[in-house]
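Q: Provided herewith: target.cif, mmCIF, N, CA and C atoms.
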```
data_final
loop_
_atom_site.label_atom_id
_atom_site.label_comp_id
_atom_site.auth_asym_id
_atom_site.auth_seq_id
_atom_site.Cartn_x
_atom_site.Cartn_y
_atom_site.Cartn_z
N MET P 1 1.59 -16.25 -5.69
CA MET P 1 2.72 -15.36 -5.55
C MET P 1 2.81 -14.90 -4.09
N LYS P 2 3.98 -15.04 -3.51
CA LYS P 2 4.21 -14.64 -2.12
C LYS P 2 4.32 -13.13 -2.03
N GLN P 3 3.58 -12.56 -1.10
CA GLN P 3 3.65 -11.13 -0.84
C GLN P 3 3.87 -10.92 0.65
N ILE P 4 4.50 -9.82 0.99
CA ILE P 4 4.81 -9.54 2.39
C ILE P 4 4.31 -8.15 2.76
N GLN P 5 3.69 -8.05 3.92
CA GLN P 5 3.30 -6.76 4.49
C GLN P 5 3.77 -6.75 5.94
N THR P 6 4.15 -5.61 6.40
CA THR P 6 4.48 -5.46 7.81
C THR P 6 3.48 -4.47 8.40
N VAL P 7 2.75 -4.93 9.40
CA VAL P 7 1.78 -4.07 10.09
C VAL P 7 1.98 -4.24 11.58
N GLU P 8 1.57 -3.25 12.33
CA GLU P 8 1.65 -3.33 13.78
C GLU P 8 0.30 -3.75 14.33
N ALA P 9 0.32 -4.41 15.48
CA ALA P 9 -0.91 -4.87 16.12
C ALA P 9 -0.76 -4.73 17.62
N ILE P 10 -1.89 -4.76 18.30
CA ILE P 10 -1.93 -4.76 19.76
C ILE P 10 -2.50 -6.11 20.17
N TYR P 11 -1.88 -6.73 21.16
CA TYR P 11 -2.35 -8.01 21.68
C TYR P 11 -3.23 -7.74 22.88
N GLU P 12 -4.52 -8.06 22.79
CA GLU P 12 -5.48 -7.82 23.88
C GLU P 12 -6.38 -9.03 24.05
N ASN P 13 -6.46 -9.54 25.25
CA ASN P 13 -7.36 -10.65 25.57
C ASN P 13 -7.21 -11.82 24.61
N GLY P 14 -5.97 -12.14 24.27
CA GLY P 14 -5.71 -13.29 23.42
C GLY P 14 -5.93 -13.07 21.94
N ILE P 15 -6.16 -11.83 21.53
CA ILE P 15 -6.44 -11.53 20.12
C ILE P 15 -5.49 -10.43 19.65
N LEU P 16 -4.94 -10.61 18.44
CA LEU P 16 -4.14 -9.56 17.82
C LEU P 16 -5.08 -8.62 17.08
N ARG P 17 -5.03 -7.34 17.42
CA ARG P 17 -5.85 -6.32 16.76
C ARG P 17 -4.93 -5.46 15.91
N LEU P 18 -5.12 -5.53 14.59
CA LEU P 18 -4.28 -4.77 13.67
C LEU P 18 -4.52 -3.28 13.84
N LEU P 19 -3.46 -2.49 13.75
CA LEU P 19 -3.58 -1.04 13.86
C LEU P 19 -3.89 -0.39 12.52
N GLU P 20 -3.78 -1.16 11.45
CA GLU P 20 -4.15 -0.68 10.12
C GLU P 20 -4.62 -1.89 9.32
N PRO P 21 -5.47 -1.68 8.32
CA PRO P 21 -5.98 -2.82 7.56
C PRO P 21 -4.91 -3.44 6.67
N LEU P 22 -5.07 -4.73 6.39
CA LEU P 22 -4.19 -5.39 5.43
C LEU P 22 -4.61 -4.98 4.03
N LYS P 23 -3.65 -4.85 3.14
CA LYS P 23 -3.92 -4.45 1.76
C LYS P 23 -3.92 -5.67 0.87
N ASP P 24 -4.92 -5.80 0.03
CA ASP P 24 -5.01 -6.84 -0.99
C ASP P 24 -5.04 -8.26 -0.43
N VAL P 25 -5.48 -8.44 0.81
CA VAL P 25 -5.61 -9.77 1.38
C VAL P 25 -7.10 -10.10 1.40
N GLU P 26 -7.48 -11.16 0.69
CA GLU P 26 -8.88 -11.54 0.62
C GLU P 26 -9.34 -12.16 1.93
N GLU P 27 -10.62 -11.98 2.24
CA GLU P 27 -11.21 -12.58 3.43
C GLU P 27 -10.96 -14.08 3.43
N ARG P 28 -10.71 -14.63 4.60
CA ARG P 28 -10.49 -16.05 4.83
C ARG P 28 -9.22 -16.57 4.16
N SER P 29 -8.31 -15.66 3.80
CA SER P 29 -7.00 -16.07 3.26
C SER P 29 -6.15 -16.62 4.39
N LYS P 30 -5.41 -17.66 4.10
CA LYS P 30 -4.46 -18.18 5.08
C LYS P 30 -3.21 -17.32 5.01
N VAL P 31 -2.74 -16.85 6.15
CA VAL P 31 -1.55 -16.00 6.21
C VAL P 31 -0.56 -16.61 7.21
N LYS P 32 0.69 -16.23 7.08
CA LYS P 32 1.74 -16.65 8.00
C LYS P 32 2.15 -15.41 8.79
N ILE P 33 2.22 -15.53 10.11
CA ILE P 33 2.50 -14.39 10.98
C ILE P 33 3.81 -14.61 11.73
N THR P 34 4.65 -13.59 11.74
CA THR P 34 5.86 -13.58 12.56
C THR P 34 5.64 -12.56 13.66
N ILE P 35 5.88 -12.96 14.89
CA ILE P 35 5.63 -12.08 16.04
C ILE P 35 6.96 -11.55 16.58
N GLU P 36 7.06 -10.24 16.74
CA GLU P 36 8.19 -9.59 17.39
C GLU P 36 7.62 -8.72 18.50
N TRP P 37 8.24 -8.73 19.67
CA TRP P 37 7.78 -7.86 20.75
C TRP P 37 8.96 -7.39 21.56
N GLY P 38 8.69 -6.43 22.39
CA GLY P 38 9.74 -5.82 23.19
C GLY P 38 9.86 -4.36 22.82
N LYS P 39 10.92 -3.75 23.28
CA LYS P 39 11.16 -2.35 22.96
C LYS P 39 11.72 -2.25 21.55
N PHE P 40 11.09 -1.44 20.73
CA PHE P 40 11.53 -1.26 19.35
C PHE P 40 12.02 0.16 19.16
N SER P 41 13.16 0.28 18.55
CA SER P 41 13.58 1.60 18.10
C SER P 41 13.18 1.67 16.63
N THR P 42 12.33 2.60 16.31
CA THR P 42 11.79 2.69 14.97
C THR P 42 12.74 3.49 14.08
N HIS P 43 13.22 2.83 13.05
CA HIS P 43 14.05 3.49 12.06
C HIS P 43 13.14 4.35 11.19
N PRO P 44 13.57 5.54 10.80
CA PRO P 44 12.71 6.43 10.02
C PRO P 44 12.21 5.80 8.71
N LEU P 45 12.95 4.85 8.16
CA LEU P 45 12.54 4.23 6.90
C LEU P 45 11.74 2.95 7.09
N SER P 46 11.50 2.53 8.35
CA SER P 46 10.84 1.25 8.59
C SER P 46 9.42 1.22 8.03
N LYS P 47 8.75 2.38 7.93
CA LYS P 47 7.40 2.37 7.39
C LYS P 47 7.37 2.00 5.91
N PHE P 48 8.54 2.01 5.27
CA PHE P 48 8.60 1.65 3.86
C PHE P 48 8.95 0.18 3.64
N ALA P 49 9.20 -0.57 4.71
CA ALA P 49 9.56 -1.99 4.60
C ALA P 49 8.43 -2.75 3.94
N GLY P 50 8.79 -3.59 2.99
CA GLY P 50 7.80 -4.43 2.32
C GLY P 50 7.14 -3.80 1.12
N ILE P 51 7.44 -2.54 0.83
CA ILE P 51 6.83 -1.87 -0.32
C ILE P 51 7.44 -2.40 -1.62
N LEU P 52 8.75 -2.57 -1.64
CA LEU P 52 9.42 -3.06 -2.84
C LEU P 52 9.61 -4.57 -2.76
N SER P 53 9.50 -5.22 -3.90
CA SER P 53 9.84 -6.64 -3.95
C SER P 53 11.35 -6.76 -3.86
N ASN P 54 11.86 -7.96 -3.62
CA ASN P 54 13.31 -8.17 -3.57
C ASN P 54 13.95 -7.77 -4.89
N GLU P 55 13.28 -8.09 -6.00
CA GLU P 55 13.82 -7.74 -7.32
C GLU P 55 13.89 -6.24 -7.51
N GLU P 56 12.84 -5.52 -7.09
CA GLU P 56 12.84 -4.06 -7.21
C GLU P 56 13.90 -3.44 -6.32
N ALA P 57 14.05 -3.97 -5.11
CA ALA P 57 15.07 -3.45 -4.20
C ALA P 57 16.47 -3.66 -4.77
N GLU P 58 16.71 -4.82 -5.36
CA GLU P 58 18.02 -5.10 -5.97
C GLU P 58 18.27 -4.17 -7.15
N GLU P 59 17.24 -3.94 -7.97
CA GLU P 59 17.37 -3.03 -9.11
C GLU P 59 17.69 -1.62 -8.62
N LEU P 60 17.02 -1.17 -7.57
CA LEU P 60 17.28 0.15 -7.00
C LEU P 60 18.69 0.24 -6.44
N ARG P 61 19.14 -0.82 -5.76
CA ARG P 61 20.50 -0.84 -5.22
C ARG P 61 21.52 -0.73 -6.36
N GLN P 62 21.27 -1.43 -7.47
CA GLN P 62 22.18 -1.38 -8.62
C GLN P 62 22.23 0.03 -9.21
N ILE P 63 21.08 0.67 -9.32
CA ILE P 63 21.03 2.04 -9.85
C ILE P 63 21.82 2.98 -8.95
N ILE P 64 21.61 2.87 -7.64
CA ILE P 64 22.34 3.73 -6.69
C ILE P 64 23.84 3.48 -6.81
N GLU P 65 24.22 2.21 -6.86
CA GLU P 65 25.64 1.87 -6.95
C GLU P 65 26.25 2.41 -8.23
N ASN P 66 25.55 2.27 -9.36
CA ASN P 66 26.08 2.72 -10.64
C ASN P 66 26.11 4.24 -10.76
N GLU P 67 25.13 4.91 -10.19
CA GLU P 67 25.01 6.35 -10.37
C GLU P 67 25.75 7.17 -9.31
N PHE P 68 25.90 6.63 -8.13
CA PHE P 68 26.47 7.42 -7.06
C PHE P 68 27.80 6.83 -6.56
N GLU P 69 27.73 5.96 -5.60
CA GLU P 69 28.95 5.39 -5.05
C GLU P 69 28.70 3.94 -4.70
N LYS P 70 29.72 3.21 -4.43
CA LYS P 70 29.56 1.80 -4.07
C LYS P 70 28.80 1.67 -2.76
N VAL P 71 27.87 0.73 -2.74
CA VAL P 71 27.04 0.51 -1.56
C VAL P 71 27.45 -0.83 -0.94
N ASP P 72 27.66 -0.81 0.37
CA ASP P 72 27.98 -2.03 1.09
C ASP P 72 26.67 -2.65 1.58
N PRO P 73 26.20 -3.77 0.96
CA PRO P 73 24.92 -4.36 1.36
C PRO P 73 24.90 -4.76 2.84
N GLY P 74 26.06 -5.04 3.43
CA GLY P 74 26.12 -5.40 4.84
C GLY P 74 25.81 -4.22 5.75
N ALA P 75 25.92 -2.99 5.23
CA ALA P 75 25.66 -1.81 6.02
C ALA P 75 24.18 -1.48 6.06
N TRP P 76 23.38 -2.12 5.24
CA TRP P 76 21.95 -1.84 5.20
C TRP P 76 21.33 -2.63 6.26
#
```
Produce structure tokens that represent the structure in this file.
A:
Amino acid sequence: MKQIQTVEAIYENGILRLLEPLKDVEERSKVKITIEWGKFSTHPLSKFAGILSNEEAEELRQIIENEFEKVDPGAW
């Protein structure tokens, strides 16, 4: 089962040093890494990225849309 976590790291002497531990990743697990760098403007909700699965996020969006007002997915 594919899982996604977003963590920050510092690049020093050719090594990425994670600023927080990975959750539920077994030792010697093969992982895929996407690197982003530059100036980042941190959105207040960015720390919650990756907590919900796509299915859970879609279910939450449906609940919000049904209970409150129409949500434009392009605005997210």
Q: Can you list, as a ChimeraX atom specification, every protein, DNA or RNA residue that comes within 8 Å of range 2-6 of chain P when you count only C-alpha atoms, leaving out same-chain residues fewer than 5 positions away?
A: /P:22,49-51
Q: Separation of CA of Thr34 in chain P and CA of Glu8 in chain P, in Å?
A: 11.1 Å
Q: Based on the backbone DSSP call, show me all residues of range 1-74 of chain P assigned strand (DSSP E or B), as a PyMOL selection string.
A: chain P and resi 9-12+15-18
Q: Based on the backbone DSSP call, show me all residues of chain P assigned alpha helix (DSSP H), as a list in words.
A: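 Of chain P, only Asn54, Glu55, Glu56, Ala57, Glu58, Glu59, Leu60, Arg61, Gln62, Ile63, Ile64, Glu65, Asn66 and Glu67 of chain P fall in alpha helix (DSSP H).
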Q: Based on the selection just made, write N, CA and C atoms of those residues as a short mmCIF file (atom, residue, chain, number, x, y, z; two decimals), keeping the file's coordinate frame.
A:
```cif
data_model
loop_
_atom_site.label_atom_id
_atom_site.label_comp_id
_atom_site.auth_asym_id
_atom_site.auth_seq_id
_atom_site.Cartn_x
_atom_site.Cartn_y
_atom_site.Cartn_z
N ASN P 54 11.86 -7.96 -3.62
CA ASN P 54 13.31 -8.17 -3.57
C ASN P 54 13.95 -7.77 -4.89
N GLU P 55 13.28 -8.09 -6.00
CA GLU P 55 13.82 -7.74 -7.32
C GLU P 55 13.89 -6.24 -7.51
N GLU P 56 12.84 -5.52 -7.09
CA GLU P 56 12.84 -4.06 -7.21
C GLU P 56 13.90 -3.44 -6.32
N ALA P 57 14.05 -3.97 -5.11
CA ALA P 57 15.07 -3.45 -4.20
C ALA P 57 16.47 -3.66 -4.77
N GLU P 58 16.71 -4.82 -5.36
CA GLU P 58 18.02 -5.10 -5.97
C GLU P 58 18.27 -4.17 -7.15
N GLU P 59 17.24 -3.94 -7.97
CA GLU P 59 17.37 -3.03 -9.11
C GLU P 59 17.69 -1.62 -8.62
N LEU P 60 17.02 -1.17 -7.57
CA LEU P 60 17.28 0.15 -7.00
C LEU P 60 18.69 0.24 -6.44
N ARG P 61 19.14 -0.82 -5.76
CA ARG P 61 20.50 -0.84 -5.22
C ARG P 61 21.52 -0.73 -6.36
N GLN P 62 21.27 -1.43 -7.47
CA GLN P 62 22.18 -1.38 -8.62
C GLN P 62 22.23 0.03 -9.21
N ILE P 63 21.08 0.67 -9.32
CA ILE P 63 21.03 2.04 -9.85
C ILE P 63 21.82 2.98 -8.95
N ILE P 64 21.61 2.87 -7.64
CA ILE P 64 22.34 3.73 -6.69
C ILE P 64 23.84 3.48 -6.81
N GLU P 65 24.22 2.21 -6.86
CA GLU P 65 25.64 1.87 -6.95
C GLU P 65 26.25 2.41 -8.23
N ASN P 66 25.55 2.27 -9.36
CA ASN P 66 26.08 2.72 -10.64
C ASN P 66 26.11 4.24 -10.76
N GLU P 67 25.13 4.91 -10.19
CA GLU P 67 25.01 6.35 -10.37
C GLU P 67 25.75 7.17 -9.31
#
```
Q: What does the distance from CA of Lys23 in chain P to CA of His43 in chain P come to in Å, to one decimal?
A: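 Computing the Euclidean distance for CA of Lys23 in chain P and CA of His43 in chain P yields 22.2 Å.
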Q: Assuming the chain letters and numbering stay as they are in my file, what does the PyMOL selection byres ((chain P and resi 19) around 5) actually select? List them as a VMD selection string.
A: chain P and resid 8 to 9 17 to 18 20 to 21
